[in-house]
$ cat input-v4.txt   # compact mmCIF, N, CA and C atoms
# COMPACT_ATOMS: atom_id res chain seq x y z
N MET A 1 8.90 5.71 17.15
CA MET A 1 7.59 5.66 17.74
C MET A 1 6.99 4.27 17.54
N PRO A 2 6.88 3.53 18.60
CA PRO A 2 6.37 2.15 18.51
C PRO A 2 4.87 2.12 18.22
N LEU A 3 4.42 0.97 17.77
CA LEU A 3 3.00 0.76 17.50
C LEU A 3 2.24 0.48 18.78
N THR A 4 1.05 1.01 18.86
CA THR A 4 0.15 0.62 19.95
C THR A 4 -0.48 -0.71 19.56
N GLU A 5 -1.07 -1.38 20.51
CA GLU A 5 -1.75 -2.65 20.22
C GLU A 5 -2.89 -2.42 19.23
N LYS A 6 -3.61 -1.33 19.39
CA LYS A 6 -4.72 -1.00 18.47
C LYS A 6 -4.20 -0.79 17.05
N GLU A 7 -3.08 -0.07 16.90
CA GLU A 7 -2.49 0.14 15.58
C GLU A 7 -2.03 -1.18 14.97
N HIS A 8 -1.44 -2.03 15.79
CA HIS A 8 -0.97 -3.33 15.31
C HIS A 8 -2.12 -4.15 14.76
N VAL A 9 -3.23 -4.18 15.47
CA VAL A 9 -4.41 -4.94 15.02
C VAL A 9 -4.93 -4.35 13.71
N GLU A 10 -5.03 -3.03 13.62
CA GLU A 10 -5.55 -2.37 12.43
C GLU A 10 -4.63 -2.59 11.23
N LEU A 11 -3.33 -2.48 11.43
CA LEU A 11 -2.39 -2.67 10.32
C LEU A 11 -2.39 -4.12 9.83
N ARG A 12 -2.60 -5.07 10.73
CA ARG A 12 -2.71 -6.47 10.30
C ARG A 12 -3.94 -6.68 9.43
N LYS A 13 -5.05 -6.02 9.76
CA LYS A 13 -6.27 -6.11 8.93
C LYS A 13 -6.01 -5.52 7.55
N ILE A 14 -5.35 -4.38 7.52
CA ILE A 14 -5.03 -3.73 6.24
C ILE A 14 -4.13 -4.62 5.41
N ALA A 15 -3.11 -5.21 6.03
CA ALA A 15 -2.18 -6.08 5.30
C ALA A 15 -2.91 -7.29 4.73
N ARG A 16 -3.83 -7.85 5.47
CA ARG A 16 -4.62 -9.00 4.99
C ARG A 16 -5.43 -8.61 3.76
N LYS A 17 -6.06 -7.42 3.79
CA LYS A 17 -6.82 -6.93 2.64
C LYS A 17 -5.91 -6.68 1.45
N ILE A 18 -4.75 -6.10 1.68
CA ILE A 18 -3.80 -5.82 0.60
C ILE A 18 -3.37 -7.12 -0.07
N ARG A 19 -3.08 -8.15 0.73
CA ARG A 19 -2.68 -9.44 0.15
C ARG A 19 -3.79 -10.02 -0.72
N LYS A 20 -5.04 -9.94 -0.26
CA LYS A 20 -6.17 -10.41 -1.06
C LYS A 20 -6.27 -9.62 -2.35
N ASP A 21 -6.13 -8.30 -2.25
CA ASP A 21 -6.21 -7.45 -3.43
C ASP A 21 -5.09 -7.77 -4.43
N ILE A 22 -3.91 -8.07 -3.94
CA ILE A 22 -2.79 -8.43 -4.82
C ILE A 22 -3.12 -9.69 -5.60
N VAL A 23 -3.69 -10.68 -4.92
CA VAL A 23 -4.08 -11.92 -5.60
C VAL A 23 -5.13 -11.62 -6.66
N ASP A 24 -6.12 -10.79 -6.33
CA ASP A 24 -7.16 -10.42 -7.30
C ASP A 24 -6.57 -9.71 -8.51
N VAL A 25 -5.74 -8.72 -8.27
CA VAL A 25 -5.15 -7.95 -9.38
C VAL A 25 -4.28 -8.85 -10.25
N THR A 26 -3.54 -9.75 -9.63
CA THR A 26 -2.71 -10.68 -10.40
C THR A 26 -3.57 -11.54 -11.30
N HIS A 27 -4.71 -11.97 -10.80
CA HIS A 27 -5.64 -12.76 -11.61
C HIS A 27 -6.21 -11.93 -12.76
N TRP A 28 -6.65 -10.70 -12.44
CA TRP A 28 -7.26 -9.84 -13.46
C TRP A 28 -6.29 -9.52 -14.60
N CYS A 29 -5.01 -9.35 -14.27
CA CYS A 29 -4.05 -8.96 -15.30
C CYS A 29 -3.44 -10.16 -16.02
N GLY A 30 -3.84 -11.36 -15.63
CA GLY A 30 -3.36 -12.54 -16.32
C GLY A 30 -2.05 -13.10 -15.78
N GLY A 31 -1.63 -12.60 -14.63
CA GLY A 31 -0.43 -13.14 -13.99
C GLY A 31 0.64 -12.08 -13.81
N SER A 32 1.42 -12.26 -12.78
CA SER A 32 2.56 -11.38 -12.50
C SER A 32 3.44 -12.11 -11.49
N HIS A 33 4.49 -11.44 -11.06
CA HIS A 33 5.37 -12.03 -10.04
C HIS A 33 4.74 -11.80 -8.66
N ILE A 34 3.79 -12.63 -8.33
CA ILE A 34 2.99 -12.43 -7.12
C ILE A 34 3.85 -12.51 -5.85
N GLY A 35 4.85 -13.35 -5.84
CA GLY A 35 5.69 -13.49 -4.65
C GLY A 35 6.41 -12.20 -4.29
N GLY A 36 6.88 -11.48 -5.30
CA GLY A 36 7.56 -10.21 -5.06
C GLY A 36 6.66 -9.18 -4.42
N SER A 37 5.39 -9.21 -4.81
CA SER A 37 4.43 -8.27 -4.22
C SER A 37 4.02 -8.70 -2.81
N LEU A 38 3.74 -9.97 -2.64
CA LEU A 38 3.29 -10.45 -1.33
C LEU A 38 4.38 -10.34 -0.27
N SER A 39 5.63 -10.45 -0.67
CA SER A 39 6.72 -10.46 0.30
C SER A 39 6.99 -9.10 0.93
N MET A 40 6.41 -8.03 0.39
CA MET A 40 6.70 -6.70 0.91
C MET A 40 5.47 -6.02 1.52
N VAL A 41 4.37 -6.74 1.65
CA VAL A 41 3.12 -6.14 2.12
C VAL A 41 3.27 -5.47 3.48
N GLU A 42 3.80 -6.17 4.47
CA GLU A 42 3.88 -5.60 5.81
C GLU A 42 4.75 -4.35 5.85
N ILE A 43 5.84 -4.36 5.11
CA ILE A 43 6.72 -3.20 5.08
C ILE A 43 5.99 -1.99 4.49
N LEU A 44 5.32 -2.20 3.34
CA LEU A 44 4.61 -1.08 2.71
C LEU A 44 3.45 -0.60 3.56
N VAL A 45 2.74 -1.51 4.18
CA VAL A 45 1.60 -1.11 5.02
C VAL A 45 2.06 -0.24 6.18
N ILE A 46 3.09 -0.65 6.89
CA ILE A 46 3.52 0.15 8.04
C ILE A 46 4.09 1.50 7.59
N LEU A 47 4.75 1.52 6.44
CA LEU A 47 5.26 2.79 5.94
C LEU A 47 4.12 3.72 5.51
N TYR A 48 3.21 3.22 4.68
CA TYR A 48 2.15 4.07 4.12
C TYR A 48 1.05 4.41 5.12
N TRP A 49 0.83 3.58 6.12
CA TRP A 49 -0.24 3.87 7.08
C TRP A 49 0.27 4.45 8.39
N LYS A 50 1.58 4.40 8.64
CA LYS A 50 2.07 4.87 9.94
C LYS A 50 3.18 5.92 9.82
N TYR A 51 4.18 5.68 8.99
CA TYR A 51 5.38 6.49 9.08
C TYR A 51 5.58 7.54 7.97
N LEU A 52 5.18 7.26 6.76
CA LEU A 52 5.41 8.22 5.69
C LEU A 52 4.52 9.46 5.85
N ARG A 53 5.11 10.62 5.65
CA ARG A 53 4.35 11.87 5.66
C ARG A 53 3.84 12.09 4.24
N ILE A 54 2.58 11.66 4.01
CA ILE A 54 1.99 11.71 2.69
C ILE A 54 0.57 12.24 2.80
N ASP A 55 0.04 12.67 1.66
CA ASP A 55 -1.35 13.14 1.59
C ASP A 55 -1.86 12.82 0.20
N SER A 56 -2.69 11.80 0.08
CA SER A 56 -3.18 11.38 -1.24
C SER A 56 -4.04 12.45 -1.90
N LYS A 57 -4.59 13.35 -1.11
CA LYS A 57 -5.38 14.45 -1.68
C LYS A 57 -4.49 15.55 -2.24
N ASN A 58 -3.22 15.56 -1.82
CA ASN A 58 -2.26 16.56 -2.27
C ASN A 58 -0.93 15.86 -2.60
N PRO A 59 -0.92 15.05 -3.68
CA PRO A 59 0.28 14.27 -3.98
C PRO A 59 1.50 15.10 -4.37
N GLN A 60 1.32 16.36 -4.67
CA GLN A 60 2.44 17.23 -5.04
C GLN A 60 2.96 18.03 -3.84
N TRP A 61 2.48 17.74 -2.65
CA TRP A 61 2.90 18.43 -1.43
C TRP A 61 4.43 18.43 -1.37
N GLU A 62 5.00 19.60 -1.31
CA GLU A 62 6.45 19.74 -1.39
C GLU A 62 7.19 19.03 -0.26
N ASP A 63 6.65 19.03 0.93
CA ASP A 63 7.33 18.44 2.08
C ASP A 63 6.99 16.98 2.32
N ARG A 64 6.33 16.35 1.36
CA ARG A 64 5.96 14.94 1.52
C ARG A 64 7.20 14.06 1.51
N ASP A 65 7.06 12.89 2.10
CA ASP A 65 8.11 11.89 1.99
C ASP A 65 7.98 11.21 0.63
N ARG A 66 9.07 10.70 0.14
CA ARG A 66 9.08 9.96 -1.11
C ARG A 66 9.62 8.56 -0.85
N LEU A 67 9.02 7.60 -1.51
CA LEU A 67 9.47 6.22 -1.40
C LEU A 67 9.91 5.77 -2.79
N VAL A 68 11.14 5.30 -2.90
CA VAL A 68 11.63 4.75 -4.15
C VAL A 68 11.63 3.24 -3.99
N LEU A 69 10.81 2.59 -4.80
CA LEU A 69 10.73 1.14 -4.77
C LEU A 69 11.53 0.60 -5.95
N SER A 70 12.67 0.02 -5.67
CA SER A 70 13.53 -0.47 -6.74
C SER A 70 13.27 -1.94 -7.06
N LYS A 71 12.35 -2.54 -6.35
CA LYS A 71 12.02 -3.95 -6.55
C LYS A 71 10.96 -4.04 -7.64
N GLY A 72 11.38 -4.19 -8.88
CA GLY A 72 10.46 -4.19 -10.01
C GLY A 72 9.35 -5.23 -9.92
N HIS A 73 9.67 -6.39 -9.36
CA HIS A 73 8.66 -7.44 -9.27
C HIS A 73 7.60 -7.12 -8.21
N GLY A 74 7.77 -6.02 -7.50
CA GLY A 74 6.78 -5.62 -6.50
C GLY A 74 5.80 -4.58 -7.01
N GLY A 75 5.82 -4.31 -8.29
CA GLY A 75 4.97 -3.25 -8.86
C GLY A 75 3.49 -3.44 -8.60
N VAL A 76 2.99 -4.66 -8.74
CA VAL A 76 1.57 -4.90 -8.49
C VAL A 76 1.23 -4.59 -7.03
N GLY A 77 2.07 -5.02 -6.13
CA GLY A 77 1.83 -4.74 -4.70
C GLY A 77 1.85 -3.26 -4.39
N HIS A 78 2.79 -2.54 -4.98
CA HIS A 78 2.87 -1.10 -4.74
C HIS A 78 1.63 -0.40 -5.30
N ALA A 79 1.19 -0.81 -6.49
CA ALA A 79 -0.03 -0.22 -7.08
C ALA A 79 -1.24 -0.47 -6.18
N VAL A 80 -1.36 -1.66 -5.62
CA VAL A 80 -2.49 -1.98 -4.74
C VAL A 80 -2.44 -1.11 -3.48
N VAL A 81 -1.27 -0.93 -2.92
CA VAL A 81 -1.12 -0.08 -1.73
C VAL A 81 -1.52 1.35 -2.06
N LEU A 82 -1.03 1.88 -3.17
CA LEU A 82 -1.36 3.26 -3.55
C LEU A 82 -2.86 3.44 -3.77
N ALA A 83 -3.49 2.46 -4.41
CA ALA A 83 -4.94 2.54 -4.61
C ALA A 83 -5.67 2.52 -3.28
N ASN A 84 -5.25 1.65 -2.37
CA ASN A 84 -5.90 1.56 -1.07
C ASN A 84 -5.66 2.80 -0.22
N ARG A 85 -4.60 3.55 -0.48
CA ARG A 85 -4.34 4.81 0.24
C ARG A 85 -5.03 5.99 -0.42
N GLY A 86 -5.71 5.76 -1.54
CA GLY A 86 -6.51 6.81 -2.16
C GLY A 86 -5.82 7.62 -3.24
N TYR A 87 -4.70 7.15 -3.75
CA TYR A 87 -4.01 7.88 -4.81
C TYR A 87 -4.71 7.76 -6.15
N PHE A 88 -5.46 6.69 -6.34
CA PHE A 88 -6.29 6.52 -7.53
C PHE A 88 -7.36 5.48 -7.21
N ASP A 89 -8.37 5.41 -8.04
CA ASP A 89 -9.49 4.50 -7.84
C ASP A 89 -9.04 3.05 -8.03
N PHE A 90 -9.35 2.22 -7.07
CA PHE A 90 -8.96 0.81 -7.12
C PHE A 90 -9.47 0.13 -8.39
N GLU A 91 -10.61 0.55 -8.90
CA GLU A 91 -11.19 -0.05 -10.09
C GLU A 91 -10.26 0.06 -11.31
N MET A 92 -9.36 1.05 -11.30
CA MET A 92 -8.40 1.19 -12.40
C MET A 92 -7.49 -0.03 -12.52
N LEU A 93 -7.32 -0.75 -11.43
CA LEU A 93 -6.45 -1.93 -11.45
C LEU A 93 -7.07 -3.10 -12.19
N LYS A 94 -8.35 -2.98 -12.53
CA LYS A 94 -9.01 -4.03 -13.31
C LYS A 94 -8.76 -3.86 -14.80
N GLU A 95 -8.23 -2.72 -15.18
CA GLU A 95 -8.01 -2.45 -16.61
C GLU A 95 -6.65 -2.92 -17.07

$ encode --input "input-v4.txt" --output "structure tokens"
Amino acid sequence: MPLTEKEHVELRKIARKIRKDIVDVTHWCGGSHIGGSLSMVEILVILYWKYLRIDSKNPQWEDRDRLVLSKGHGGVGHAVVLANRGYFDFEMLKE
């Protein structure tokens, strides 16, 4: 299922915000492998906002899709995406 032009514009806005949030979180935590997180933003955004069957209000949903991220240096980016999708409060990333 291809993206509509409207979806493409919206996902680009989300990706831009995610990249900014990654930079902020990296600063707050005193540094991390920022390149690993920034390099996967578009992939995670399109998966989490378009293709994955997920529900942040029901994270134990039996029929949900699961994503295994084996790229350890992308942890900050994955955490930012999950916070932005509503799995936990973004403010937790400041701790």

$ closest_residue --input "input-v4.txt" --among "A:Ile54, A:Ala83, A:Met1, A:Leu93" --to "Val25 of chain A" --atoms "only N, CA and C atoms"
A:Leu93

$ closest_residue --input "input-v4.txt" --among "A:Gln60, A:Ser70, A:Ser32, A:Ser37" --to "Ala15 of chain A" --atoms "only C-alpha atoms"
A:Ser37

$ select_by_dssp --input "input-v4.txt" --residues "chain A" --states "helix (DSSP H, G or I)" --output "PyMOL selection string"
chain A and resi 5-28+34-38+41-51+72-84+90-94

$ atom_distance --input "input-v4.txt" --atom1 "atom C of Glu7 of chain A" --atom2 "atom N of Leu44 of chain A"
13.8 Å

$ atom_distance --input "input-v4.txt" --atom1 "atom CA of Leu69 of chain A" --atom2 "atom CA of Lys57 of chain A"
21.1 Å

$ decode --input "input-v4.txt" --residues "segment 47-63 of chain A" --atoms "all heavy atoms" --output "JSON list (two decimals), in the first residue's frame"
[["chain", "number", "residue", "atom", "x", "y", "z"],
["A", 47, "LEU", "N", 7.25, 2.72, 9.64],
["A", 47, "LEU", "CA", 6.75, 1.49, 10.26],
["A", 47, "LEU", "C", 5.74, 1.79, 11.36],
["A", 47, "LEU", "O", 4.63, 1.25, 11.37],
["A", 47, "LEU", "CB", 7.91, 0.67, 10.82],
["A", 47, "LEU", "CG", 8.80, -0.03, 9.80],
["A", 47, "LEU", "CD1", 10.00, -0.66, 10.49],
["A", 47, "LEU", "CD2", 8.01, -1.07, 9.02],
["A", 48, "TYR", "N", 6.12, 2.67, 12.30],
["A", 48, "TYR", "CA", 5.27, 2.93, 13.47],
["A", 48, "TYR", "C", 4.04, 3.78, 13.16],
["A", 48, "TYR", "O", 3.05, 3.69, 13.86],
["A", 48, "TYR", "CB", 6.08, 3.56, 14.60],
["A", 48, "TYR", "CG", 6.77, 2.52, 15.45],
["A", 48, "TYR", "CD1", 8.06, 2.11, 15.18],
["A", 48, "TYR", "CD2", 6.10, 1.93, 16.51],
["A", 48, "TYR", "CE1", 8.69, 1.14, 15.95],
["A", 48, "TYR", "CE2", 6.72, 0.97, 17.30],
["A", 48, "TYR", "CZ", 8.01, 0.58, 17.01],
["A", 48, "TYR", "OH", 8.62, -0.39, 17.77],
["A", 49, "TRP", "N", 4.09, 4.60, 12.12],
["A", 49, "TRP", "CA", 2.94, 5.46, 11.83],
["A", 49, "TRP", "C", 2.11, 4.94, 10.66],
["A", 49, "TRP", "O", 1.01, 5.43, 10.45],
["A", 49, "TRP", "CB", 3.39, 6.89, 11.57],
["A", 49, "TRP", "CG", 3.45, 7.70, 12.83],
["A", 49, "TRP", "CD1", 2.47, 8.52, 13.33],
["A", 49, "TRP", "CD2", 4.55, 7.80, 13.74],
["A", 49, "TRP", "NE1", 2.89, 9.09, 14.50],
["A", 49, "TRP", "CE2", 4.17, 8.67, 14.78],
["A", 49, "TRP", "CE3", 5.81, 7.23, 13.80],
["A", 49, "TRP", "CZ2", 5.00, 8.98, 15.85],
["A", 49, "TRP", "CZ3", 6.63, 7.53, 14.87],
["A", 49, "TRP", "CH2", 6.23, 8.40, 15.87],
["A", 50, "LYS", "N", 2.60, 3.97, 9.90],
["A", 50, "LYS", "CA", 1.86, 3.53, 8.72],
["A", 50, "LYS", "C", 1.61, 2.02, 8.69],
["A", 50, "LYS", "O", 0.48, 1.59, 8.44],
["A", 50, "LYS", "CB", 2.61, 3.96, 7.45],
["A", 50, "LYS", "CG", 2.08, 3.43, 6.14],
["A", 50, "LYS", "CD", 0.86, 4.15, 5.67],
["A", 50, "LYS", "CE", 0.48, 3.65, 4.26],
["A", 50, "LYS", "NZ", -0.82, 4.10, 3.86],
["A", 51, "TYR", "N", 2.62, 1.22, 8.93],
["A", 51, "TYR", "CA", 2.51, -0.20, 8.62],
["A", 51, "TYR", "C", 2.33, -1.15, 9.81],
["A", 51, "TYR", "O", 1.66, -2.17, 9.67],
["A", 51, "TYR", "CB", 3.69, -0.65, 7.77],
["A", 51, "TYR", "CG", 3.67, -0.02, 6.40],
["A", 51, "TYR", "CD1", 4.59, 0.94, 6.04],
["A", 51, "TYR", "CD2", 2.68, -0.35, 5.48],
["A", 51, "TYR", "CE1", 4.55, 1.54, 4.79],
["A", 51, "TYR", "CE2", 2.63, 0.25, 4.23],
["A", 51, "TYR", "CZ", 3.57, 1.18, 3.90],
["A", 51, "TYR", "OH", 3.52, 1.78, 2.67],
["A", 52, "LEU", "N", 2.94, -0.88, 10.94],
["A", 52, "LEU", "CA", 2.82, -1.80, 12.06],
["A", 52, "LEU", "C", 1.41, -1.78, 12.65],
["A", 52, "LEU", "O", 0.82, -0.71, 12.82],
["A", 52, "LEU", "CB", 3.82, -1.46, 13.16],
["A", 52, "LEU", "CG", 5.29, -1.73, 12.87],
["A", 52, "LEU", "CD1", 6.16, -1.28, 14.03],
["A", 52, "LEU", "CD2", 5.53, -3.19, 12.57],
["A", 53, "ARG", "N", 0.89, -2.95, 12.94],
["A", 53, "ARG", "CA", -0.41, -3.06, 13.62],
["A", 53, "ARG", "C", -0.12, -3.03, 15.12],
["A", 53, "ARG", "O", 0.23, -4.04, 15.71],
["A", 53, "ARG", "CB", -1.11, -4.36, 13.22],
["A", 53, "ARG", "CG", -1.52, -4.38, 11.76],
["A", 53, "ARG", "CD", -2.16, -5.68, 11.31],
["A", 53, "ARG", "NE", -1.68, -6.85, 12.02],
["A", 53, "ARG", "CZ", -2.46, -7.70, 12.72],
["A", 53, "ARG", "NH1", -3.75, -7.52, 12.77],
["A", 53, "ARG", "NH2", -1.93, -8.73, 13.34],
["A", 54, "ILE", "N", -0.25, -1.82, 15.69],
["A", 54, "ILE", "CA", 0.08, -1.60, 17.09],
["A", 54, "ILE", "C", -1.01, -0.75, 17.73],
["A", 54, "ILE", "O", -1.79, -0.10, 17.04],
["A", 54, "ILE", "CB", 1.44, -0.90, 17.26],
["A", 54, "ILE", "CG1", 1.46, 0.43, 16.49],
["A", 54, "ILE", "CG2", 2.58, -1.81, 16.81],
["A", 54, "ILE", "CD1", 2.67, 1.28, 16.74],
["A", 55, "ASP", "N", -1.03, -0.77, 19.05],
["A", 55, "ASP", "CA", -1.97, 0.05, 19.82],
["A", 55, "ASP", "C", -1.30, 0.41, 21.13],
["A", 55, "ASP", "O", -1.17, -0.44, 22.02],
["A", 55, "ASP", "CB", -3.27, -0.71, 20.06],
["A", 55, "ASP", "CG", -4.30, 0.09, 20.84],
["A", 55, "ASP", "OD1", -4.01, 1.23, 21.24],
["A", 55, "ASP", "OD2", -5.40, -0.45, 21.06],
["A", 56, "SER", "N", -0.83, 1.64, 21.26],
["A", 56, "SER", "CA", -0.11, 2.05, 22.46],
["A", 56, "SER", "C", -0.99, 2.01, 23.71],
["A", 56, "SER", "O", -0.48, 1.91, 24.82],
["A", 56, "SER", "CB", 0.49, 3.45, 22.29],
["A", 56, "SER", "OG", -0.54, 4.40, 22.11],
["A", 57, "LYS", "N", -2.29, 2.06, 23.53],
["A", 57, "LYS", "CA", -3.21, 1.96, 24.67],
["A", 57, "LYS", "C", -3.38, 0.51, 25.13],
["A", 57, "LYS", "O", -3.84, 0.24, 26.22],
["A", 57, "LYS", "CB", -4.59, 2.52, 24.30],
["A", 57, "LYS", "CG", -4.56, 3.95, 23.79],
["A", 57, "LYS", "CD", -4.36, 4.92, 24.92],
["A", 57, "LYS", "CE", -4.53, 6.33, 24.45],
["A", 57, "LYS", "NZ", -3.30, 7.03, 24.21],
["A", 58, "ASN", "N", -3.02, -0.43, 24.26],
["A", 58, "ASN", "CA", -3.13, -1.85, 24.56],
["A", 58, "ASN", "C", -1.85, -2.56, 24.10],
["A", 58, "ASN", "O", -1.88, -3.34, 23.15],
["A", 58, "ASN", "CB", -4.37, -2.44, 23.86],
["A", 58, "ASN", "CG", -4.60, -3.88, 24.20],
["A", 58, "ASN", "OD1", -4.04, -4.42, 25.15],
["A", 58, "ASN", "ND2", -5.43, -4.55, 23.42],
["A", 59, "PRO", "N", -0.72, -2.30, 24.77],
["A", 59, "PRO", "CA", 0.55, -2.85, 24.30],
["A", 59, "PRO", "C", 0.65, -4.37, 24.40],
["A", 59, "PRO", "O", 1.52, -4.97, 23.79],
["A", 59, "PRO", "CB", 1.59, -2.18, 25.20],
["A", 59, "PRO", "CG", 0.84, -1.72, 26.39],
["A", 59, "PRO", "CD", -0.57, -1.45, 25.94],
["A", 60, "GLN", "N", -0.25, -5.01, 25.13],
["A", 60, "GLN", "CA", -0.23, -6.47, 25.25],
["A", 60, "GLN", "C", -1.18, -7.14, 24.25],
["A", 60, "GLN", "O", -1.40, -8.35, 24.33],
["A", 60, "GLN", "CB", -0.58, -6.88, 26.67],
["A", 60, "GLN", "CG", 0.39, -6.37, 27.71],
["A", 60, "GLN", "CD", 1.82, -6.78, 27.43],
["A", 60, "GLN", "OE1", 2.09, -7.92, 27.07],
["A", 60, "GLN", "NE2", 2.75, -5.85, 27.58],
["A", 61, "TRP", "N", -1.74, -6.38, 23.32],
["A", 61, "TRP", "CA", -2.65, -6.91, 22.31],
["A", 61, "TRP", "C", -2.00, -8.12, 21.64],
["A", 61, "TRP", "O", -0.90, -8.03, 21.10],
["A", 61, "TRP", "CB", -2.95, -5.80, 21.31],
["A", 61, "TRP", "CG", -3.73, -6.17, 20.10],
["A", 61, "TRP", "CD1", -4.74, -7.08, 20.01],
["A", 61, "TRP", "CD2", -3.57, -5.61, 18.79],
["A", 61, "TRP", "NE1", -5.22, -7.12, 18.73],
["A", 61, "TRP", "CE2", -4.52, -6.22, 17.95],
["A", 61, "TRP", "CE3", -2.74, -4.65, 18.25],
["A", 61, "TRP", "CZ2", -4.65, -5.92, 16.61],
["A", 61, "TRP", "CZ3", -2.87, -4.34, 16.92],
["A", 61, "TRP", "CH2", -3.82, -4.97, 16.11],
["A", 62, "GLU", "N", -2.66, -9.24, 21.71],
["A", 62, "GLU", "CA", -2.08, -10.49, 21.25],
["A", 62, "GLU", "C", -1.75, -10.48, 19.75],
["A", 62, "GLU", "O", -0.75, -11.05, 19.32],
["A", 62, "GLU", "CB", -3.02, -11.66, 21.55],
["A", 62, "GLU", "CG", -2.38, -13.00, 21.34],
["A", 62, "GLU", "CD", -3.24, -14.14, 21.85],
["A", 62, "GLU", "OE1", -3.81, -14.01, 22.94],
["A", 62, "GLU", "OE2", -3.33, -15.14, 21.12],
["A", 63, "ASP", "N", -2.56, -9.84, 18.95],
["A", 63, "ASP", "CA", -2.36, -9.85, 17.49],
["A", 63, "ASP", "C", -1.51, -8.69, 16.98],
["A", 63, "ASP", "O", -1.44, -8.46, 15.78],
["A", 63, "ASP", "CB", -3.71, -9.85, 16.78],
["A", 63, "ASP", "CG", -4.46, -11.15, 16.95],
["A", 63, "ASP", "OD1", -3.78, -12.19, 17.11],
["A", 63, "ASP", "OD2", -5.69, -11.13, 16.93]]
